[in-house]
$ cat query_38.cif   # mmCIF, C-alpha atoms
data_run
#
loop_
_atom_site.label_atom_id
_atom_site.label_comp_id
_atom_site.auth_asym_id
_atom_site.auth_seq_id
_atom_site.Cartn_x
_atom_site.Cartn_y
_atom_site.Cartn_z
CA MET F 1 0.00 0.00 0.00
CA ILE F 2 2.74 2.47 0.89
CA GLU F 3 5.22 0.84 -1.51
CA ARG F 4 5.85 4.06 -3.43
CA HIS F 5 6.37 5.97 -0.20
CA LEU F 6 9.05 3.44 0.78
CA MET F 7 10.58 3.61 -2.72
CA LYS F 8 10.87 7.36 -2.37
CA LEU F 9 12.48 7.13 1.09
CA ARG F 10 14.87 4.40 -0.06
CA ALA F 11 15.97 6.46 -3.05
CA ARG F 12 17.73 8.75 -0.58
CA ASP F 13 18.37 6.69 2.53
CA GLU F 14 18.38 3.18 3.94
CA VAL F 15 15.22 1.98 5.65
CA ASP F 16 15.63 -1.37 7.40
CA ALA F 17 12.93 -4.00 7.95
CA GLU F 18 12.10 -2.90 11.49
CA GLU F 19 11.78 0.71 10.38
CA GLU F 20 9.64 -0.33 7.42
CA GLU F 21 7.28 -2.19 9.72
CA ALA F 22 7.05 0.85 11.99
CA ILE F 23 6.20 3.10 9.01
CA ARG F 24 3.54 0.65 7.82
CA GLY F 25 2.12 0.69 11.33
CA THR F 26 1.53 4.44 11.21
CA VAL F 27 -1.30 4.09 8.67
CA ALA F 28 -4.65 4.29 10.46
CA GLU F 29 -6.96 4.32 7.44
CA VAL F 30 -7.15 4.90 3.72
CA ARG F 31 -9.36 7.60 2.22
CA GLU F 32 -10.45 8.35 -1.33
CA TYR F 33 -10.90 11.89 -2.61
CA ARG F 34 -12.49 12.98 -5.86
CA SER F 35 -10.71 15.37 -8.17
CA ARG F 36 -11.04 19.00 -6.84
CA GLU F 37 -11.88 17.91 -3.30
CA VAL F 38 -10.00 19.66 -0.53
CA ILE F 39 -7.93 17.14 1.43
CA VAL F 40 -6.71 19.46 4.19
CA ARG F 41 -8.26 22.85 4.94
CA SER F 42 -6.12 25.73 6.07
CA HIS F 43 -6.20 27.18 9.58
CA ARG F 44 -7.86 24.17 11.21
CA ALA F 45 -6.48 22.18 14.11
CA LEU F 46 -5.00 18.98 12.70
CA GLU F 47 -4.29 15.66 14.36
CA THR F 48 -3.38 13.65 11.28
CA SER F 49 -1.10 13.89 8.27
CA ASN F 50 -1.49 12.16 4.89
CA ILE F 51 0.62 10.08 2.53
CA LEU F 52 -0.54 10.28 -1.10
CA LEU F 53 -0.84 6.70 -2.35
CA SER F 54 -2.02 7.58 -5.85
CA GLY F 55 -3.06 10.65 -7.80
CA VAL F 56 -1.84 14.23 -8.01
CA ALA F 57 -2.47 16.68 -5.17
CA CYS F 58 -1.29 20.23 -4.65
CA ARG F 59 -0.60 22.77 -1.95
CA GLN F 60 -2.24 26.05 -2.76
CA LYS F 61 -2.91 29.53 -1.46
CA ASP F 62 -5.32 32.07 -2.89
CA LEU F 63 -6.38 35.71 -2.74
CA SER F 64 -9.87 36.97 -2.00
CA ASP F 65 -10.77 37.56 -5.67
CA GLY F 66 -9.99 33.98 -6.65
CA ARG F 67 -6.40 34.34 -7.85
CA ARG F 68 -4.74 31.11 -6.84
CA GLN F 69 -1.15 29.90 -6.70
CA ILE F 70 -0.23 26.25 -6.50
CA THR F 71 3.02 26.15 -4.55
CA GLU F 72 3.92 22.48 -4.93
CA LEU F 73 2.62 19.38 -6.66
CA HIS F 74 2.53 16.06 -4.85
CA VAL F 75 2.77 12.68 -6.51
CA ASP F 76 2.43 9.05 -5.41
CA GLY F 77 4.44 8.29 -2.30
CA ASP F 78 4.71 11.87 -1.02
CA TYR F 79 3.65 13.01 2.41
CA THR F 80 1.37 15.91 1.44
CA ASP F 81 1.33 17.53 4.86
CA LEU F 82 3.93 16.07 7.16
CA HIS F 83 4.45 19.70 8.23
CA SER F 84 1.22 19.71 10.21
CA PHE F 85 2.79 17.27 12.67
CA THR F 86 4.77 20.17 14.14
CA LEU F 87 2.74 23.13 12.83
CA LYS F 88 -0.59 21.68 14.14
CA SER F 89 -2.48 23.52 11.37
CA LEU F 90 -1.60 24.60 7.83
CA ASP F 91 -1.38 28.09 6.33
CA HIS F 92 -2.42 26.62 2.97
CA GLU F 93 -4.81 24.06 1.53
CA VAL F 94 -4.03 20.62 0.17
CA MET F 95 -6.32 19.76 -2.75
CA ALA F 96 -6.80 16.75 -5.02
CA LEU F 97 -6.16 17.66 -8.67
CA THR F 98 -7.12 14.16 -9.80
CA ASP F 99 -8.92 11.38 -7.96
CA CYS F 100 -6.59 10.60 -5.06
CA THR F 101 -6.09 7.85 -2.50
CA LEU F 102 -4.41 8.84 0.75
CA ALA F 103 -3.20 7.03 3.83
CA VAL F 104 -4.13 8.83 7.03
CA ILE F 105 -1.38 8.98 9.66
CA PRO F 106 -2.37 10.09 13.19
CA HIS F 107 0.13 12.49 14.74
CA GLU F 108 0.28 10.36 17.86
CA ARG F 109 1.74 7.55 15.75
CA LEU F 110 4.33 9.93 14.31
CA GLN F 111 5.11 10.96 17.87
CA GLU F 112 5.78 7.31 18.64
CA ILE F 113 8.06 7.02 15.58
CA THR F 114 10.11 10.01 16.70
CA ARG F 115 10.42 8.49 20.17
CA ARG F 116 11.45 5.00 19.04
CA PHE F 117 13.32 5.67 15.79
CA PRO F 118 15.68 8.68 15.82
CA HIS F 119 16.85 7.73 12.32
CA LEU F 120 13.30 7.82 10.91
CA THR F 121 12.85 11.18 12.59
CA ARG F 122 15.79 12.41 10.52
CA VAL F 123 14.38 10.72 7.39
CA TYR F 124 11.14 12.67 7.82
CA TRP F 125 12.97 15.85 8.81
CA PHE F 126 14.82 15.47 5.51
CA ALA F 127 11.44 15.11 3.73
CA THR F 128 10.25 18.51 4.98
CA ASN F 129 13.63 20.05 4.09
CA LEU F 130 13.17 18.62 0.61
CA ASP F 131 9.74 20.27 0.31
CA ALA F 132 11.40 23.56 1.28
CA ALA F 133 14.05 23.06 -1.43
CA ILE F 134 11.30 22.47 -4.00
CA HIS F 135 9.54 25.66 -2.85
CA ARG F 136 12.79 27.64 -3.31
CA GLU F 137 13.18 26.29 -6.82
CA TRP F 138 9.56 27.24 -7.62
CA ALA F 139 10.21 30.73 -6.20
CA LEU F 140 13.15 31.06 -8.61
CA SER F 141 10.92 29.92 -11.47
CA LEU F 142 8.02 32.22 -10.62
CA GLY F 143 10.28 35.20 -10.01
CA ARG F 144 12.91 34.85 -12.69
CA ARG F 145 12.30 32.12 -15.27
CA ASN F 146 10.23 33.03 -18.32
CA ALA F 147 7.13 31.06 -19.29
CA ALA F 148 8.88 28.44 -21.44
CA GLU F 149 11.74 27.96 -18.96
CA ARG F 150 9.28 27.71 -16.08
CA MET F 151 7.16 25.11 -17.82
CA ALA F 152 10.22 23.15 -18.96
CA HIS F 153 11.48 23.15 -15.38
CA LEU F 154 8.21 21.82 -13.98
CA PHE F 155 8.14 18.96 -16.49
CA CYS F 156 11.80 18.13 -15.70
CA GLU F 157 11.05 18.10 -11.96
CA LEU F 158 8.07 15.79 -12.37
CA HIS F 159 10.12 13.55 -14.65
CA VAL F 160 12.63 12.99 -11.82
CA ARG F 161 10.10 12.77 -8.99
CA LEU F 162 7.79 10.36 -10.82
CA GLY F 163 10.83 8.36 -11.97
CA LEU F 164 11.82 7.75 -8.33
CA VAL F 165 8.52 5.97 -7.71
CA GLY F 166 8.53 4.01 -10.95
CA LEU F 167 5.94 6.07 -12.82
CA VAL F 168 8.03 7.12 -15.83
CA ASP F 169 7.86 4.95 -18.90
CA GLY F 170 10.80 5.77 -21.16
CA GLU F 171 10.60 9.56 -21.31
CA SER F 172 6.85 9.63 -20.84
CA TYR F 173 4.57 9.93 -17.81
CA ALA F 174 0.89 10.31 -17.01
CA LEU F 175 -0.11 13.75 -15.75
CA ALA F 176 -3.88 14.25 -15.67
CA LEU F 177 -3.78 18.02 -15.10
CA THR F 178 -5.73 20.70 -16.97
CA GLN F 179 -4.20 23.74 -18.68
CA ASN F 180 -5.66 25.77 -15.86
CA ASP F 181 -3.90 23.61 -13.24
CA LEU F 182 -0.62 24.21 -15.06
CA ALA F 183 -1.43 27.93 -15.21
CA GLU F 184 -1.89 27.99 -11.44
CA CYS F 185 1.43 26.18 -10.92
CA LEU F 186 3.28 28.47 -13.29
CA GLY F 187 1.71 31.85 -12.53
CA LEU F 188 0.37 32.08 -16.09
CA THR F 189 -3.12 31.88 -17.61
CA SER F 190 -4.60 28.94 -19.49
CA VAL F 191 -4.24 30.43 -22.99
CA HIS F 192 -0.68 31.44 -22.16
CA VAL F 193 -0.02 27.86 -21.01
CA ASN F 194 -1.47 26.62 -24.29
CA ARG F 195 0.77 28.93 -26.30
CA THR F 196 3.84 27.89 -24.28
CA LEU F 197 3.00 24.19 -24.72
CA MET F 198 2.78 24.76 -28.46
CA GLN F 199 6.15 26.50 -28.42
CA LEU F 200 7.80 23.57 -26.59
CA ARG F 201 6.13 21.13 -28.98
CA GLU F 202 7.24 23.04 -32.07
CA ASP F 203 10.77 23.19 -30.70
CA GLY F 204 10.69 19.39 -30.52
CA LEU F 205 11.12 19.30 -26.73
CA LEU F 206 7.95 17.71 -25.44
CA GLU F 207 4.29 17.06 -25.94
CA PHE F 208 1.47 17.24 -23.38
CA ARG F 209 -1.65 15.61 -24.71
CA GLY F 210 -4.45 13.46 -23.32
CA GLY F 211 -3.10 13.61 -19.77
CA ARG F 212 0.35 12.42 -20.79
CA VAL F 213 3.71 14.18 -20.99
CA THR F 214 6.14 12.83 -23.58
CA ILE F 215 9.62 14.31 -23.53
CA HIS F 216 11.25 14.21 -26.94
CA ASP F 217 14.59 15.79 -26.09
CA LEU F 218 15.46 15.63 -22.39
CA PRO F 219 18.95 17.19 -22.64
CA ARG F 220 17.61 20.24 -24.51
CA LEU F 221 14.58 20.51 -22.20
CA ARG F 222 16.90 20.49 -19.17
CA ALA F 223 19.19 23.03 -20.80
CA LEU F 224 16.27 25.38 -21.53
CA ALA F 225 15.08 25.17 -17.91
CA GLU F 226 18.62 25.23 -16.44
CA PHE F 227 17.39 22.21 -14.54
CA ASP F 228 19.94 21.18 -11.91
CA GLU F 229 18.54 18.17 -10.05
CA SER F 230 20.79 18.74 -7.01
CA TYR F 231 17.90 20.57 -5.27
CA LEU F 232 16.08 17.21 -5.20
CA TYR F 233 18.91 15.70 -3.12
CA LEU F 234 19.03 12.39 -4.97
CA GLU F 235 22.06 10.97 -3.19
CA ARG F 236 21.38 7.78 -1.27
CA ARG F 237 23.08 8.16 2.09
CA ARG F 238 22.52 7.79 5.81
CA ARG F 239 20.80 10.95 7.04
CA MET C 1 -22.88 29.14 -22.23
CA PRO C 2 -21.05 27.58 -19.34
CA HIS C 3 -18.16 25.93 -21.22
CA VAL C 4 -16.26 28.02 -23.74
CA HIS C 5 -12.95 27.83 -25.60
CA PHE C 6 -10.33 30.53 -25.95
CA HIS C 7 -8.39 30.27 -29.19
CA LEU C 8 -5.34 32.45 -29.65
CA ASN C 9 -4.62 33.92 -33.04
CA ASN C 10 -1.47 35.98 -33.38
CA ALA C 11 1.76 36.37 -35.37
CA VAL C 12 2.96 32.97 -34.12
CA GLY C 13 -0.12 31.26 -35.58
CA LEU C 14 -3.29 29.73 -34.21
CA VAL C 15 -3.26 28.10 -30.78
CA HIS C 16 -6.39 25.99 -30.58
CA ASP C 17 -7.95 25.52 -27.13
CA GLY C 18 -9.32 21.99 -27.05
CA GLU C 19 -9.95 22.01 -23.32
CA GLY C 20 -11.91 25.20 -22.65
CA GLN C 21 -13.18 26.44 -19.32
CA GLU C 22 -16.31 27.67 -17.58
CA ALA C 23 -17.66 31.19 -18.10
CA ALA C 24 -21.07 32.28 -16.82
CA ASP C 25 -21.78 34.74 -19.66
CA LEU C 26 -20.18 36.81 -22.40
CA ASP C 27 -18.98 39.43 -19.91
CA GLU C 28 -17.07 36.82 -17.95
CA ALA C 29 -15.71 35.25 -21.15
CA ARG C 30 -14.46 38.66 -22.21
CA ALA C 31 -12.85 39.26 -18.80
CA ILE C 32 -11.08 35.89 -19.03
CA ALA C 33 -9.87 36.71 -22.56
CA ILE C 34 -8.52 40.08 -21.38
CA GLU C 35 -6.66 38.44 -18.48
CA ASN C 36 -5.13 35.91 -20.87
CA ILE C 37 -4.06 38.63 -23.33
CA ARG C 38 -2.41 40.63 -20.56
CA SER C 39 -0.49 37.55 -19.38
CA ILE C 40 0.83 36.98 -22.91
CA LEU C 41 1.65 40.66 -23.49
CA ALA C 42 3.50 40.81 -20.17
CA GLU C 43 5.65 37.87 -21.23
CA ASP C 44 6.34 39.43 -24.64
CA VAL C 45 7.41 42.70 -23.02
CA ARG C 46 10.01 40.80 -20.97
CA HIS C 47 11.44 39.77 -24.33
CA GLY C 48 11.32 43.37 -25.63
CA LEU C 49 8.24 42.98 -27.83
CA ILE C 50 4.85 44.68 -27.86
CA ASP C 51 2.71 42.99 -30.50
CA LEU C 52 -0.94 44.04 -30.45
CA SER C 53 -1.84 42.34 -33.72
CA GLY C 54 -3.26 39.21 -32.07
CA ARG C 55 -6.77 38.34 -30.93
CA ILE C 56 -8.56 35.74 -28.85
CA GLU C 57 -11.58 34.07 -30.40
CA VAL C 58 -14.11 32.67 -27.97
CA THR C 59 -16.24 29.77 -29.18
CA ASP C 60 -18.83 27.53 -27.59
CA GLY C 61 -18.57 23.74 -27.41
CA ASP C 62 -19.84 23.39 -30.99
CA GLY C 63 -17.21 25.77 -32.35
CA ARG C 64 -19.62 28.69 -32.88
CA LEU C 65 -17.86 32.03 -32.61
CA LEU C 66 -19.20 34.02 -29.66
CA LEU C 67 -16.69 36.80 -29.27
CA VAL C 68 -13.49 38.22 -30.70
CA VAL C 69 -11.24 40.16 -28.34
CA PRO C 70 -8.37 42.04 -30.05
CA PHE C 71 -5.16 42.34 -28.02
CA ALA C 72 -5.45 46.14 -28.21
CA ASP C 73 -8.66 45.95 -26.13
CA ALA C 74 -6.67 44.66 -23.18
CA VAL C 75 -4.41 47.66 -22.66
CA THR C 76 -4.32 51.43 -22.63
CA ILE C 77 -1.47 52.74 -24.74
CA ARG C 78 0.30 55.94 -23.78
CA THR C 79 3.13 57.22 -25.94
CA ASP C 80 3.27 60.95 -25.18
CA ASN C 81 6.40 62.04 -23.36
CA ALA C 82 6.29 62.79 -19.67
CA PRO C 83 6.37 66.56 -19.00
#
$ encode --input "query_38.cif" --output "structure tokens"
Amino acid sequence: MIERHLMKLRARDEVDAEEEEAIRGTVAEVREYRSREVIVRSHRALETSNILLSGVACRQKDLSDGRRQITELHVDGDYTDLHSFTLKSLDHEVMALTDCTLAVIPHERLQEITRRFPHLTRVYWFATNLDAAIHREWALSLGRRNAAERMAHLFCELHVRLGLVGLVDGESYALALTQNDLAECLGLTSVHVNRTLMQLREDGLLEFRGGRVTIHDLPRLRALAEFDESYLYLERRRR
Amino acid sequence: MPHVHFHLNNAVGLVHDGEGQEAADLDEARAIAIENIRSILAEDVRHGLIDLSGRIEVTDGDGRLLLVVPFADAVTIRTDNAP
């Protein structure tokens, strides 16, 4: 059930059998969410966190007139809101962008993990540091990269992150997002997203069609985005 | 007309919108078109270009043309020198 979560952890650290069993034991229940359902509301007291088992979810913040910014995408195996374990509430929402299945992890069980397994505490501390690194990279994109570079960077990031959990087939991966979802990730508008997608397609870099991204020229796509995967901390080492 | 499509027609060519989005009425469709044009113009300006020759064509689900919004409608142009 949490296979992809373990794959993701093991891509960057060692998780032994006892630790694996402890992680499996944190799951209290499994919940299904429909596309567009809010998984975690902001500014509410929270006593659980969630691991995304399948689907695409996002963290988002919005302004009173409806302008919305997605600040991170989450894919299979990610904790979507491990932060609430220490924050106790979230300053943003977590929403399902596709139908999603999530494992619910009570904070009291995480408390037990931190008490019994100092190494897993560091593994999960690393996970929240990694989210922060992804946010910094998105800030660089939103502030300084142009539309094509920004979009290229997002598709490069997802290529690596989905690859870690076995969801990349050759240079192609499923991504059931709308143009508008992409617009809200990239700080653009849907027509602008459409124009930028056409530009990347005509340059022979990638295609996004029918909920699937197919990268035609990964080296050139990475060069356009100045994608440096070091911010994803892919080294497998004891944390 | 809840679901409408926003096709972009400019110097680069036609960008067909197969997906579309919701708009309550023509006023909202026009507001969405204007927002999209401004996003594109803003990007072009970062590359040193102001090209107002484009337009967005709004169609319904059957491809019927509902509205044409020229890029020039999305901005006020001021070229007189500051005093």
$ closest_atom_pairs --input "query_38.cif" --of "chain F" --to "chain C" --cutoff "6 Å" --atoms "all atoms listed in the file" --output "CSV"
residue,atom,partner,partner_atom,distance
F:Thr189,CA,C:Asn36,CA,5.6
F:Val191,CA,C:Asn36,CA,5.9
F:His192,CA,C:Ile40,CA,5.8
$ residues_around --input "query_38.cif" --residues "Leu200 in chain F" --least-positions-apart "4" --cutoff "9 Å" --atoms "only C-alpha atoms" --output "PyMOL selection string"
chain F and resi 148+151-152+195-196+204-207+221
$ residues_around --input "query_38.cif" --residues "Ala23 in chain C" --least-positions-apart "3" --cutoff "7 Å" --atoms "all atoms listed in the file" --output "ChimeraX atom specification"
/C:1-4,28-29
$ resolve_selection --input "query_38.cif" --expression "the PyMOL selection byres ((chain F and resi 82-91) around 10)" --output "PyMOL selection string"
chain F and resi 40-51+59-61+78-81+92-94+105-108+110-111+124-125+127-128+131
$ write_last_selection --input "query_38.cif" --atoms "C-alpha atoms" --output "PDB file, keeping the file's coordinate frame"
ATOM      1  CA  VAL F  40      -6.710  19.460   4.190  1.00  0.00           C
ATOM      2  CA  ARG F  41      -8.260  22.850   4.940  1.00  0.00           C
ATOM      3  CA  SER F  42      -6.120  25.730   6.070  1.00  0.00           C
ATOM      4  CA  HIS F  43      -6.200  27.180   9.580  1.00  0.00           C
ATOM      5  CA  ARG F  44      -7.860  24.170  11.210  1.00  0.00           C
ATOM      6  CA  ALA F  45      -6.480  22.180  14.110  1.00  0.00           C
ATOM      7  CA  LEU F  46      -5.000  18.980  12.700  1.00  0.00           C
ATOM      8  CA  GLU F  47      -4.290  15.660  14.360  1.00  0.00           C
ATOM      9  CA  THR F  48      -3.380  13.650  11.280  1.00  0.00           C
ATOM     10  CA  SER F  49      -1.100  13.890   8.270  1.00  0.00           C
ATOM     11  CA  ASN F  50      -1.490  12.160   4.890  1.00  0.00           C
ATOM     12  CA  ILE F  51       0.620  10.080   2.530  1.00  0.00           C
ATOM     13  CA  ARG F  59      -0.600  22.770  -1.950  1.00  0.00           C
ATOM     14  CA  GLN F  60      -2.240  26.050  -2.760  1.00  0.00           C
ATOM     15  CA  LYS F  61      -2.910  29.530  -1.460  1.00  0.00           C
ATOM     16  CA  ASP F  78       4.710  11.870  -1.020  1.00  0.00           C
ATOM     17  CA  TYR F  79       3.650  13.010   2.410  1.00  0.00           C
ATOM     18  CA  THR F  80       1.370  15.910   1.440  1.00  0.00           C
ATOM     19  CA  ASP F  81       1.330  17.530   4.860  1.00  0.00           C
ATOM     20  CA  HIS F  92      -2.420  26.620   2.970  1.00  0.00           C
ATOM     21  CA  GLU F  93      -4.810  24.060   1.530  1.00  0.00           C
ATOM     22  CA  VAL F  94      -4.030  20.620   0.170  1.00  0.00           C
ATOM     23  CA  ILE F 105      -1.380   8.980   9.660  1.00  0.00           C
ATOM     24  CA  PRO F 106      -2.370  10.090  13.190  1.00  0.00           C
ATOM     25  CA  HIS F 107       0.130  12.490  14.740  1.00  0.00           C
ATOM     26  CA  GLU F 108       0.280  10.360  17.860  1.00  0.00           C
ATOM     27  CA  LEU F 110       4.330   9.930  14.310  1.00  0.00           C
ATOM     28  CA  GLN F 111       5.110  10.960  17.870  1.00  0.00           C
ATOM     29  CA  TYR F 124      11.140  12.670   7.820  1.00  0.00           C
ATOM     30  CA  TRP F 125      12.970  15.850   8.810  1.00  0.00           C
ATOM     31  CA  ALA F 127      11.440  15.110   3.730  1.00  0.00           C
ATOM     32  CA  THR F 128      10.250  18.510   4.980  1.00  0.00           C
ATOM     33  CA  ASP F 131       9.740  20.270   0.310  1.00  0.00           C
TER      34      ASP F 131
END
$ atom_distance --input "query_38.cif" --atom1 "CA of Val213 in chain F" --atom2 "CA of Glu171 in chain F"
8.3 Å
$ atom_distance --input "query_38.cif" --atom1 "CA of Gln179 in chain F" --atom2 "CA of Asn129 in chain F"
29.2 Å
$ atom_distance --input "query_38.cif" --atom1 "CA of Gly55 in chain F" --atom2 "CA of Gly210 in chain F"
15.8 Å
$ resolve_selection --input "query_38.cif" --expression "the PyMOL selection byres ((chain F and resi 187) around 9)" --output "list in words"
Arg68, Gln69, Ile70, Leu142, Ala147, Leu182, Ala183, Glu184, Cys185, Leu186, Leu188 and Thr189 of chain F
$ resolve_selection --input "query_38.cif" --expression "the PyMOL selection byres ((chain C and resi 54) around 8)" --output "ChimeraX atom specification"
/C:8-11,51-53,55-56,70-71
$ closest_residue --input "query_38.cif" --among "F:Ala28, F:Ala96, F:Ala17, F:Ile215" --to "Asp181 in chain F" --atoms "only C-alpha atoms"
F:Ala96
$ closest_residue --input "query_38.cif" --among "F:His153, F:Met198, F:Arg10, F:Asp76" --to "Leu218 in chain F" --atoms "all atoms listed in the file"
F:His153
$ residues_near_point --input "query_38.cif" --point "(1.8, 2.8, 16.8)" --cutoff "7 Å" --atoms "all atoms listed in the file" --output "list in words"
Gly25, Thr26, Arg109 and Glu112 of chain F
$ closest_residue --input "query_38.cif" --among "F:Ser230, F:Ser64, F:Thr71, F:Thr121" --to "Ala139 in chain F" --atoms "all atoms listed in the file"
F:Thr71
$ residues_around --input "query_38.cif" --residues "Leu234 in chain F" --least-positions-apart "2" --cutoff "7 Å" --atoms "all atoms listed in the file" --output "list in words"
Ala11, Arg12, Ser230, Leu232 and Arg236 of chain F
$ residues_around --input "query_38.cif" --residues "Leu73 in chain F" --least-positions-apart "6" --cutoff "7 Å" --atoms "all atoms listed in the file" --output "NGL selection string"
:F and (56-59)
$ closest_residue --input "query_38.cif" --among "F:Ala225, F:His5, F:Glu72, F:Leu53" --to "Ala133 in chain F" --atoms "only C-alpha atoms"
F:Glu72
$ build_atoms --input "query_38.cif" --residues "range 82-99 of chain F" --atoms "N, CA and C atoms" --output "PDB file, in the frame of the given file"
ATOM      1  N   LEU F  82       3.180  16.492   5.983  1.00  0.00           N
ATOM      2  CA  LEU F  82       3.930  16.070   7.160  1.00  0.00           C
ATOM      3  C   LEU F  82       4.150  17.269   8.091  1.00  0.00           C
ATOM      4  N   HIS F  83       4.199  18.463   7.484  1.00  0.00           N
ATOM      5  CA  HIS F  83       4.450  19.700   8.230  1.00  0.00           C
ATOM      6  C   HIS F  83       3.460  19.910   9.378  1.00  0.00           C
ATOM      7  N   SER F  84       2.232  19.440   9.181  1.00  0.00           N
ATOM      8  CA  SER F  84       1.220  19.710  10.210  1.00  0.00           C
ATOM      9  C   SER F  84       1.507  18.964  11.507  1.00  0.00           C
ATOM     10  N   PHE F  85       2.425  17.982  11.432  1.00  0.00           N
ATOM     11  CA  PHE F  85       2.790  17.270  12.670  1.00  0.00           C
ATOM     12  C   PHE F  85       3.377  18.251  13.689  1.00  0.00           C
ATOM     13  N   THR F  86       4.217  19.173  13.206  1.00  0.00           N
ATOM     14  CA  THR F  86       4.770  20.170  14.140  1.00  0.00           C
ATOM     15  C   THR F  86       4.006  21.488  14.097  1.00  0.00           C
ATOM     16  N   LEU F  87       3.424  21.833  12.935  1.00  0.00           N
ATOM     17  CA  LEU F  87       2.740  23.130  12.830  1.00  0.00           C
ATOM     18  C   LEU F  87       1.357  23.110  13.483  1.00  0.00           C
ATOM     19  N   LYS F  88       0.737  21.900  13.514  1.00  0.00           N
ATOM     20  CA  LYS F  88      -0.590  21.680  14.140  1.00  0.00           C
ATOM     21  C   LYS F  88      -1.755  22.254  13.332  1.00  0.00           C
ATOM     22  N   SER F  89      -1.468  23.078  12.334  1.00  0.00           N
ATOM     23  CA  SER F  89      -2.480  23.520  11.370  1.00  0.00           C
ATOM     24  C   SER F  89      -1.672  23.964  10.156  1.00  0.00           C
ATOM     25  N   LEU F  90      -2.334  24.190   9.037  1.00  0.00           N
ATOM     26  CA  LEU F  90      -1.600  24.600   7.830  1.00  0.00           C
ATOM     27  C   LEU F  90      -2.037  25.996   7.395  1.00  0.00           C
ATOM     28  N   ASP F  91      -1.085  26.755   6.846  1.00  0.00           N
ATOM     29  CA  ASP F  91      -1.380  28.090   6.330  1.00  0.00           C
ATOM     30  C   ASP F  91      -1.874  28.023   4.886  1.00  0.00           C
ATOM     31  N   HIS F  92      -1.997  26.796   4.366  1.00  0.00           N
ATOM     32  CA  HIS F  92      -2.420  26.620   2.970  1.00  0.00           C
ATOM     33  C   HIS F  92      -3.324  25.410   2.893  1.00  0.00           C
ATOM     34  N   GLU F  93      -3.955  25.236   1.729  1.00  0.00           N
ATOM     35  CA  GLU F  93      -4.810  24.060   1.530  1.00  0.00           C
ATOM     36  C   GLU F  93      -4.046  22.968   0.803  1.00  0.00           C
ATOM     37  N   VAL F  94      -4.480  21.724   1.017  1.00  0.00           N
ATOM     38  CA  VAL F  94      -4.030  20.620   0.170  1.00  0.00           C
ATOM     39  C   VAL F  94      -5.263  20.155  -0.593  1.00  0.00           C
ATOM     40  N   MET F  95      -5.163  20.119  -1.924  1.00  0.00           N
ATOM     41  CA  MET F  95      -6.320  19.760  -2.750  1.00  0.00           C
ATOM     42  C   MET F  95      -5.978  18.651  -3.731  1.00  0.00           C
ATOM     43  N   ALA F  96      -6.965  17.809  -4.021  1.00  0.00           N
ATOM     44  CA  ALA F  96      -6.800  16.750  -5.020  1.00  0.00           C
ATOM     45  C   ALA F  96      -6.996  17.349  -6.410  1.00  0.00           C
ATOM     46  N   LEU F  97      -6.022  17.182  -7.287  1.00  0.00           N
ATOM     47  CA  LEU F  97      -6.160  17.660  -8.670  1.00  0.00           C
ATOM     48  C   LEU F  97      -6.676  16.556  -9.587  1.00  0.00           C
ATOM     49  N   THR F  98      -6.521  15.307  -9.124  1.00  0.00           N
ATOM     50  CA  THR F  98      -7.120  14.160  -9.800  1.00  0.00           C
ATOM     51  C   THR F  98      -7.774  13.346  -8.692  1.00  0.00           C
ATOM     52  N   ASP F  99      -8.451  12.270  -9.025  1.00  0.00           N
ATOM     53  CA  ASP F  99      -8.920  11.380  -7.960  1.00  0.00           C
ATOM     54  C   ASP F  99      -7.686  10.898  -7.206  1.00  0.00           C
TER      55      ASP F  99
END
